[in-house]
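K.L.:
Below is my_file06.cif; it holds mmCIF, C-alpha atoms.
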data_upload
loop_
_atom_site.group_PDB
_atom_site.id
_atom_site.type_symbol
_atom_site.label_atom_id
_atom_site.label_comp_id
_atom_site.auth_asym_id
_atom_site.auth_seq_id
_atom_site.Cartn_x
_atom_site.Cartn_y
_atom_site.Cartn_z
ATOM 1 C CA MET D 175 123.506 96.717 -98.263
ATOM 2 C CA GLU D 176 122.643 99.126 -95.543
ATOM 3 C CA ASP D 177 124.079 97.222 -92.559
ATOM 4 C CA ILE D 178 127.448 96.608 -94.230
ATOM 5 C CA ASN D 179 128.971 100.012 -93.562
ATOM 6 C CA SER D 180 132.310 101.182 -92.237
ATOM 7 C CA ALA D 181 130.993 101.811 -88.703
ATOM 8 C CA ASN D 182 129.559 98.293 -88.392
ATOM 9 C CA ILE D 183 132.676 96.721 -89.907
ATOM 10 C CA GLU D 184 134.875 98.631 -87.435
ATOM 11 C CA THR D 185 132.643 97.518 -84.557
ATOM 12 C CA LEU D 186 132.855 93.921 -85.775
ATOM 13 C CA GLU D 187 136.642 94.030 -86.099
ATOM 14 C CA LYS D 188 137.008 95.509 -82.607
ATOM 15 C CA ALA D 189 134.720 92.851 -81.117
ATOM 16 C CA ILE D 190 136.754 90.089 -82.776
ATOM 17 C CA ASP D 191 140.057 91.649 -81.709
ATOM 18 C CA GLU D 192 138.948 91.891 -78.074
ATOM 19 C CA ALA D 193 137.241 88.497 -77.788
ATOM 20 C CA ARG D 194 139.064 85.585 -76.200
ATOM 21 C CA ARG D 195 136.261 82.989 -76.325
ATOM 22 C CA ILE D 196 133.962 82.973 -79.349
ATOM 23 C CA GLY D 197 130.837 80.933 -80.007
ATOM 24 C CA ILE D 198 129.064 80.445 -83.311
ATOM 25 C CA VAL D 199 125.387 79.471 -83.205
ATOM 26 C CA THR D 200 122.829 78.744 -85.888
ATOM 27 C CA HIS D 201 119.192 77.691 -86.059
ATOM 28 C CA MET D 202 117.765 74.324 -85.047
ATOM 29 C CA LYS D 203 117.786 71.582 -87.672
ATOM 30 C CA PRO D 204 120.659 73.253 -89.522
ATOM 31 C CA ASP D 205 120.654 73.264 -93.306
ATOM 32 C CA GLY D 206 123.484 73.882 -95.765
ATOM 33 C CA ASP D 207 123.377 77.661 -95.336
ATOM 34 C CA ALA D 208 123.491 77.420 -91.549
ATOM 35 C CA ILE D 209 126.337 74.915 -91.520
ATOM 36 C CA GLY D 210 128.225 76.529 -94.413
ATOM 37 C CA SER D 211 128.165 80.011 -92.883
ATOM 38 C CA SER D 212 129.139 78.628 -89.460
ATOM 39 C CA VAL D 213 132.097 76.694 -90.855
ATOM 40 C CA ALA D 214 133.226 79.721 -92.887
ATOM 41 C CA MET D 215 133.029 81.977 -89.813
ATOM 42 C CA TYR D 216 134.954 79.402 -87.773
ATOM 43 C CA HIS D 217 137.800 79.277 -90.290
ATOM 44 C CA TYR D 218 137.874 83.061 -90.666
ATOM 45 C CA LEU D 219 138.225 83.479 -86.892
ATOM 46 C CA LYS D 220 140.935 80.827 -86.729
ATOM 47 C CA ALA D 221 142.786 82.604 -89.562
ATOM 48 C CA CYS D 222 142.543 85.795 -87.482
ATOM 49 C CA GLY D 223 144.483 84.009 -84.727
ATOM 50 C CA LYS D 224 141.576 83.212 -82.414
ATOM 51 C CA SER D 225 142.373 80.028 -80.507
ATOM 52 C CA SER D 226 139.082 79.490 -78.673
ATOM 53 C CA VAL D 227 136.296 79.224 -81.251
ATOM 54 C CA LYS D 228 133.396 76.789 -80.899
ATOM 55 C CA VAL D 229 130.545 76.006 -83.265
ATOM 56 C CA ILE D 230 127.539 75.217 -81.080
ATOM 57 C CA LEU D 231 124.656 73.455 -82.782
ATOM 58 C CA ASN D 232 121.296 72.764 -81.189
ATOM 59 C CA ASP D 233 121.098 69.445 -82.998
ATOM 60 C CA ARG D 234 123.231 67.536 -85.467
ATOM 61 C CA GLN D 235 123.262 68.545 -89.098
ATOM 62 C CA PRO D 236 121.978 66.046 -91.683
ATOM 63 C CA ALA D 237 124.582 63.413 -92.569
ATOM 64 C CA TYR D 238 124.818 64.668 -96.148
ATOM 65 C CA LEU D 239 126.375 67.891 -94.760
ATOM 66 C CA ASP D 240 129.061 66.112 -92.716
ATOM 67 C CA PHE D 241 131.682 66.975 -95.338
ATOM 68 C CA LEU D 242 131.282 70.639 -94.340
ATOM 69 C CA THR D 243 132.105 70.063 -90.674
ATOM 70 C CA ASP D 244 134.922 67.562 -91.335
ATOM 71 C CA SER D 245 137.384 70.478 -91.303
ATOM 72 C CA ILE D 246 136.481 71.402 -87.715
ATOM 73 C CA PRO D 247 138.152 69.471 -84.871
ATOM 74 C CA MET D 248 135.631 67.429 -82.879
ATOM 75 C CA GLU D 249 136.365 69.418 -79.711
ATOM 76 C CA ASP D 250 135.332 72.631 -81.489
ATOM 77 C CA LEU D 251 131.967 71.308 -82.731
ATOM 78 C CA ILE D 252 129.483 71.063 -79.861
ATOM 79 C CA ILE D 253 126.058 69.532 -80.417
ATOM 80 C CA SER D 254 123.701 70.580 -77.642
ATOM 81 C CA GLU D 255 121.388 67.565 -77.893
ATOM 82 C CA ARG D 256 124.411 65.391 -76.979
ATOM 83 C CA MET D 257 126.100 67.786 -74.514
ATOM 84 C CA PRO D 258 123.518 70.313 -73.297
ATOM 85 C CA ALA D 259 125.430 71.396 -70.191
ATOM 86 C CA GLU D 260 128.622 71.979 -72.161
ATOM 87 C CA ALA D 261 126.763 74.002 -74.808
ATOM 88 C CA ASP D 262 125.156 76.184 -72.130
ATOM 89 C CA ILE D 263 128.505 76.722 -70.376
ATOM 90 C CA LEU D 264 130.207 77.670 -73.642
ATOM 91 C CA LEU D 265 127.521 80.260 -74.382
ATOM 92 C CA ARG D 266 127.706 81.587 -70.830
ATOM 93 C CA ASP D 267 131.494 81.891 -70.928
ATOM 94 C CA SER D 268 131.839 83.350 -74.442
ATOM 95 C CA ASP D 269 132.915 86.954 -74.926
ATOM 96 C CA LEU D 270 131.406 87.078 -78.408
ATOM 97 C CA VAL D 271 128.704 84.998 -80.091
ATOM 98 C CA PHE D 272 127.996 84.980 -83.810
ATOM 99 C CA CYS D 273 124.340 84.239 -84.574
ATOM 100 C CA LEU D 274 124.133 82.983 -88.126
ATOM 101 C CA ASP D 275 121.100 82.341 -90.326
ATOM 102 C CA PHE D 276 118.355 83.053 -87.787
ATOM 103 C CA ASN D 277 116.468 86.205 -86.884
ATOM 104 C CA ALA D 278 115.357 85.490 -83.293
ATOM 105 C CA PHE D 279 116.669 83.437 -80.369
ATOM 106 C CA HIS D 280 113.663 81.084 -80.352
ATOM 107 C CA ARG D 281 114.862 79.674 -83.696
ATOM 108 C CA THR D 282 117.770 78.069 -81.821
ATOM 109 C CA ASP D 283 115.304 75.916 -79.830
ATOM 110 C CA LYS D 284 116.995 74.545 -76.697
ATOM 111 C CA LEU D 285 119.876 77.017 -76.973
ATOM 112 C CA ALA D 286 117.559 80.038 -76.794
ATOM 113 C CA ALA D 287 117.587 80.468 -73.005
ATOM 114 C CA ALA D 288 121.373 80.153 -72.707
ATOM 115 C CA LEU D 289 121.841 82.480 -75.662
ATOM 116 C CA ALA D 290 119.526 85.100 -74.158
ATOM 117 C CA ALA D 291 121.229 84.799 -70.762
ATOM 118 C CA SER D 292 124.740 85.056 -72.175
ATOM 119 C CA LYS D 293 126.475 88.334 -71.401
ATOM 120 C CA ALA D 294 128.546 87.990 -74.588
ATOM 121 C CA ASP D 295 128.218 90.528 -77.354
ATOM 122 C CA LYS D 296 125.966 88.967 -79.982
ATOM 123 C CA VAL D 297 126.448 89.597 -83.702
ATOM 124 C CA LEU D 298 123.556 88.735 -86.000
ATOM 125 C CA ILE D 299 124.331 87.819 -89.605
ATOM 126 C CA ASP D 300 121.066 86.887 -91.282
ATOM 127 C CA HIS D 301 118.914 87.251 -94.381
ATOM 128 C CA HIS D 302 115.435 86.486 -92.980
ATOM 129 C CA LEU D 303 112.623 89.013 -92.584
ATOM 130 C CA SER D 304 111.886 90.783 -89.297
ATOM 131 C CA PRO D 305 115.038 90.281 -87.225
ATOM 132 C CA GLU D 306 114.697 90.949 -83.494
ATOM 133 C CA ARG D 307 117.355 93.667 -83.658
ATOM 134 C CA GLU D 308 117.066 94.607 -79.987
ATOM 135 C CA ALA D 309 118.310 91.149 -78.950
ATOM 136 C CA PHE D 310 121.671 91.651 -80.666
ATOM 137 C CA ASP D 311 124.572 94.043 -80.122
ATOM 138 C CA LEU D 312 125.488 94.269 -83.795
ATOM 139 C CA VAL D 313 123.177 93.442 -86.691
ATOM 140 C CA PHE D 314 123.946 92.595 -90.285
ATOM 141 C CA SER D 315 120.520 91.896 -91.757
ATOM 142 C CA GLU D 316 119.989 91.990 -95.489
ATOM 143 C CA THR D 317 116.759 90.427 -96.733
ATOM 144 C CA ASP D 318 117.640 91.035 -100.398
ATOM 145 C CA ILE D 319 120.521 88.555 -100.126
ATOM 146 C CA SER D 320 119.880 84.878 -100.862
ATOM 147 C CA SER D 321 121.654 83.355 -97.872
ATOM 148 C CA ALA D 322 123.556 83.980 -94.666
ATOM 149 C CA SER D 323 126.604 82.525 -96.419
ATOM 150 C CA GLU D 324 126.436 85.142 -99.160
ATOM 151 C CA LEU D 325 125.929 87.914 -96.611
ATOM 152 C CA LEU D 326 128.876 86.657 -94.565
ATOM 153 C CA PHE D 327 131.033 86.703 -97.701
ATOM 154 C CA HIS D 328 130.202 90.376 -98.320
ATOM 155 C CA ILE D 329 130.870 91.275 -94.672
ATOM 156 C CA LEU D 330 134.193 89.479 -94.457
ATOM 157 C CA MET D 331 135.399 90.964 -97.734
ATOM 158 C CA GLU D 332 135.065 94.385 -96.075
ATOM 159 C CA THR D 333 137.204 93.478 -93.068
ATOM 160 C CA ARG D 334 140.837 94.496 -92.939
ATOM 161 C CA ALA D 335 141.862 90.827 -92.830
ATOM 162 C CA LEU D 336 140.394 90.262 -96.299
ATOM 163 C CA ALA D 337 140.240 93.810 -97.683
ATOM 164 C CA HIS D 338 141.521 94.118 -101.185
ATOM 165 C CA ASP D 339 142.787 97.109 -103.123
ATOM 166 C CA ALA D 340 140.190 98.783 -105.276
#
Represent the supplied structure as structure tokens.
P.N.:
Amino acid sequence: MEDINSANIETLEKAIDEARRIGIVTHMKPDGDAIGSSVAMYHYLKACGKSSVKVILNDRQPAYLDFLTDSIPMEDLIISERMPAEADILLRDSDLVFCLDFNAFHRTDKLAAALAASKADKVLIDHHLSPEREAFDLVFSETDISSASELLFHILMETRALAHDA
């Protein structure tokens, strides 16, 4: 796992430490991997003491995945198709944006323009081929891993918040 190295983990930890407003974005028509990794990242950030964390979805997840988002307060789960102005403002005002389970901004559909315009540092965590690395400030891209959720697990296990003794 080439991108999961001590330099990238240190950069990630510093970005999280310094961020006050954090957004989490995934691809349009989110599936279980997109929602699962977003919810996991949300809870990790909350456990790290971050008070302003929002999951911003382009459109609503399928109803059969509602049990995954039930643990997120309604005010922290923003669905752009219902509140497009609020979603754009949240992306604009974020200090840090996690981009989970997509390799290029266009895969976020209506969020793509706001995401590209956001001055926030953008962290890509993805397992798809051909990521647009230049669009992101920090990239964790591992195509040999089955899912963004699995990749996120490996990344977070390397952070000091979850590090374990060898």
K.L.:
If we count only C-alpha atoms and set the cut-off at 10 Å, which residues sit around D:Met175, ignoring sequence neighbours fewer than 2 positions away in its own chain? Please answer as a list in words.
P.N.:
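With the cut-off at 10 Å, the set is Asp177, Ile178, Asn179, Phe314, Ser315, Glu316, Thr317, Asp318, Ile319, Leu325, His328 and Ile329 of chain D.
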K.L.:
Filtering to C-alpha atoms, could you give me those residues as an mmCIF file, in the coordinates of the input?
P.N.:
data_model
loop_
_atom_site.group_PDB
_atom_site.id
_atom_site.type_symbol
_atom_site.label_atom_id
_atom_site.label_comp_id
_atom_site.auth_asym_id
_atom_site.auth_seq_id
_atom_site.Cartn_x
_atom_site.Cartn_y
_atom_site.Cartn_z
ATOM 1 C CA ASP D 177 124.079 97.222 -92.559
ATOM 2 C CA ILE D 178 127.448 96.608 -94.230
ATOM 3 C CA ASN D 179 128.971 100.012 -93.562
ATOM 4 C CA PHE D 314 123.946 92.595 -90.285
ATOM 5 C CA SER D 315 120.520 91.896 -91.757
ATOM 6 C CA GLU D 316 119.989 91.990 -95.489
ATOM 7 C CA THR D 317 116.759 90.427 -96.733
ATOM 8 C CA ASP D 318 117.640 91.035 -100.398
ATOM 9 C CA ILE D 319 120.521 88.555 -100.126
ATOM 10 C CA LEU D 325 125.929 87.914 -96.611
ATOM 11 C CA HIS D 328 130.202 90.376 -98.320
ATOM 12 C CA ILE D 329 130.870 91.275 -94.672
#
K.L.:
Check what the PyMOL selection byres ((chain D and resi 198-213) around 8) selects in the file above and give those residues as an NGL selection string.
P.N.:
:D and (196-197 or 214-217 or 227-236 or 239 or 242-243 or 246 or 271-276 or 281-283 or 321-323 or 326)
K.L.:
Using only C-alpha atoms, which of D:Ala193, D:Ala237, D:Ile252, D:Ile299 sits nearest D:Glu324?
P.N.:
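Closest candidate: D:Ile299.
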K.L.:
Using all atoms listed in the file, which protein or nucleic acid residues come within 9 Å of D:Asp262? Drop anything in the same chain fewer than 6 positions from it, and give the result as a list of chain:residue names.
P.N.:
D:Ser254, D:Leu285, D:Ala287, D:Ala288, D:Leu289, D:Ser292
K.L.:
So what do you get for atom CA of D:Val297 versus atom CA of D:Glu192, distance-wise?
P.N.:
13.9 Å
K.L.:
State, in Å with one decimal place, the distance from atom CA of D:Asn182 to atom CA of D:Leu330.
P.N.:
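Here the two named atoms are 11.7 Å from each other.
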K.L.:
Expressed in Å to a single decimal, how great is the separation between atom CA of D:Leu251 and atom CA of D:Leu264?
P.N.:
11.2 Å
K.L.:
Select, counting only C-alpha atoms, all protein, DNA and RNA residues no farther than 6 Å from (133.6, 88.2, -73.6) in file coordinates, and express the selection as a list in words.
P.N.:
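Residues close enough to count: Ala193, Ser268, Asp269, Leu270 and Ala294 of chain D.
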K.L.:
Quick check on the file I pasted: which residues fall under the PyMOL selection byres ((chain D and resi 305) around 10)? Write them as a PyMOL selection string.
P.N.:
chain D and resi 276-279+298-304+306-310+313-317
K.L.:
Please, what is the axis-aligned box for every listed atom of stretch 280-287 of chain D with 5 Å on each side, as centre and edge lengths in Å to one decimal, as JSON?
P.N.:
{"center_x": 116.8, "center_y": 77.8, "center_z": -78.4, "size_x": 16.2, "size_y": 16.5, "size_z": 20.7}
K.L.:
When you count only C-alpha atoms, which of these residues is closest to D:Leu186: D:Asp240, D:Asp267, D:Glu249, D:Asp311?
P.N.:
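Under the stated criterion, the closest residue is D:Asp311.
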K.L.:
Considering all atoms listed in the file, state which residue in the set D:Met248, D:Ile253, D:Ser225, D:Leu312 is at the smallest distance from D:Lys284.
P.N.:
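For D:Lys284, the nearest of the given residues is D:Ile253.
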K.L.:
Restricting the calculation to all atoms listed in the file: of D:Asp191, D:Glu260, D:Tyr238, D:Ala291, which residue gets closest to D:Cys222?
P.N.:
D:Asp191
